[in-house]
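Quick notes on the structure that follows.
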Amino acid sequence: MSPRLLRLYPAGFRRAFGDEVAEAYREATEGAGPITRLREALDIVAHALRLRLGVGSAHRGGRLFAATAPFALAATGAYAAFLLASTLNLAYVVGLPDLQAPLGYAMSGFSALTLLGSVSALGGRFAVGARTAFAGVVGSTVCFVIAALPGFADMPLAHLAYLTPPLVIAALPLLCPPDLRPSGRIRTTTGLVALLLWAPLFVVLLGLLDASGLGMIPLWRYAMTVTAALVLAGGRALSGIRTPGRFALAAVPFLVLGHFAGVVSQDTVPPCLILLAATGVALRLWRRGHSDPASHA
């Protein structure tokens, strides 16, 4: 094992557990191929980063990321589905849009990768799904940068910073401690495959059904994808939102990506915040009503 990997850990942890980490890495990679070695190295980097940032499973930050990770995934998947449905709708109603092929097709491909990764993570394959979703967002960001290269020198820094929020939101689930990752809702491979087939079918239906009516309304498309993503996340994810801070952190990704989708603006932020506050109060009252009988028993 490279000493550089061990140096990523805090000094105290390295002195106490460095030999164990090196031995575990050696056992996991002995006789393994380059892909396995790379995966194990990335796991060590992620573990060291969580300890450096204080977001391990023993830290409050780690539990916070664990509670909000499903919602970051849901928001990332919902936004990817929104982009795909919007592209399909535009192509059907107006005619094939100028996708700047092949770059435009690559962007749609990365959106599909993000969607499938998010669905896979929420469905039960959290680690590989979260990484796949993040890779899809990185690919889409690279495509945006390539498309902007002709005017890159004159581009304000604020425009480059505009690409950061989707990356940050997609990266949040990667900080979830492994022992606190949400358990999968889909237990079988057949069920997961069915879910992965349903996701693109849902996008096609959303983009093409009533394409000249409801299908053309961005708010409708975004609301439907968010609803589907939250249903997939399930009640177990909602049960982890126990404090106002967790609720706010879980809601922010949907608002931020809703802004990118063009449905959340200065005019719509106040009603969105009011709706979120009412939802938070209702959720708190619902949880209190379900916990009271147990406390009286």
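Lettering and numbering for the structure tokens are positional, with chains as A, B, ... in the shown order, residues counted from 1 in each chain, and ligands counted from 1 in the shown order.
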Compile the contact shell of A:Ala250 as a list in words: residues with an atom at most 9 Å away, counting only C-alpha atoms, same-chain residues fewer than 3 positions apart removed.
-> Ala67, Thr68, Ala69, Pro70, Phe71, Ala72, Ile241, Gly245, Arg246, Phe247, Pro253 and Phe254 of chain A
How close does stretch 207-292 of chain A get to stretch 81-85 of chain A? List, as JSON lines, each residue of stretch 207-292 of chain A within 7 Å, its nearest atom pair and the distance in Å to one decimal, counting only C-alpha atoms.
{"residue": "A:Gly207", "atom": "CA", "partner": "A:Ala85", "partner_atom": "CA", "distance": 4.4}
{"residue": "A:Arg221", "atom": "CA", "partner": "A:Phe82", "partner_atom": "CA", "distance": 6.1}
{"residue": "A:Tyr222", "atom": "CA", "partner": "A:Phe82", "partner_atom": "CA", "distance": 5.7}
{"residue": "A:Thr225", "atom": "CA", "partner": "A:Phe82", "partner_atom": "CA", "distance": 6.4}
Could you pull the residues within 8 Å of A:Glu40, counting only C-alpha atoms, minus those fewer than 4 positions along the same chain, as a ChimeraX atom specification?
-> /A:25,28-29,36,44
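Closest approach to A:Ser86 among A:Gly33, A:Gly215, A:Gly235, A:Pro271 is made by A:Gly215 (distances from only C-alpha atoms).
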What is the distance, in Å and to one decimal place, between atom CA of A:Leu180 and atom CA of A:Gly62?
-> 8.3 Å
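The residue that comes closest to A:Pro165, out of A:Val203, A:Val256, A:Leu219, A:Ala75 and on the basis of only C-alpha atoms, is A:Val256.
With distances taken over only C-alpha atoms, A:Leu205 is the one residue among A:Leu205, A:Leu276, A:Leu38, A:Leu175 lying closest to A:Asn89.
Coordinates place atom CA of A:Ala171 at a distance of 22.3 Å from atom CA of A:Ser239.
The shell of residues at most 7 Å from A:Ala80, with only C-alpha atoms counted and near chain neighbours (fewer than 2 positions) removed, consists of A:Thr76, A:Gly77, A:Ala78, A:Phe82, A:Leu83, A:Leu84, A:Ser111, A:Ala112, A:Thr114, A:Leu115.
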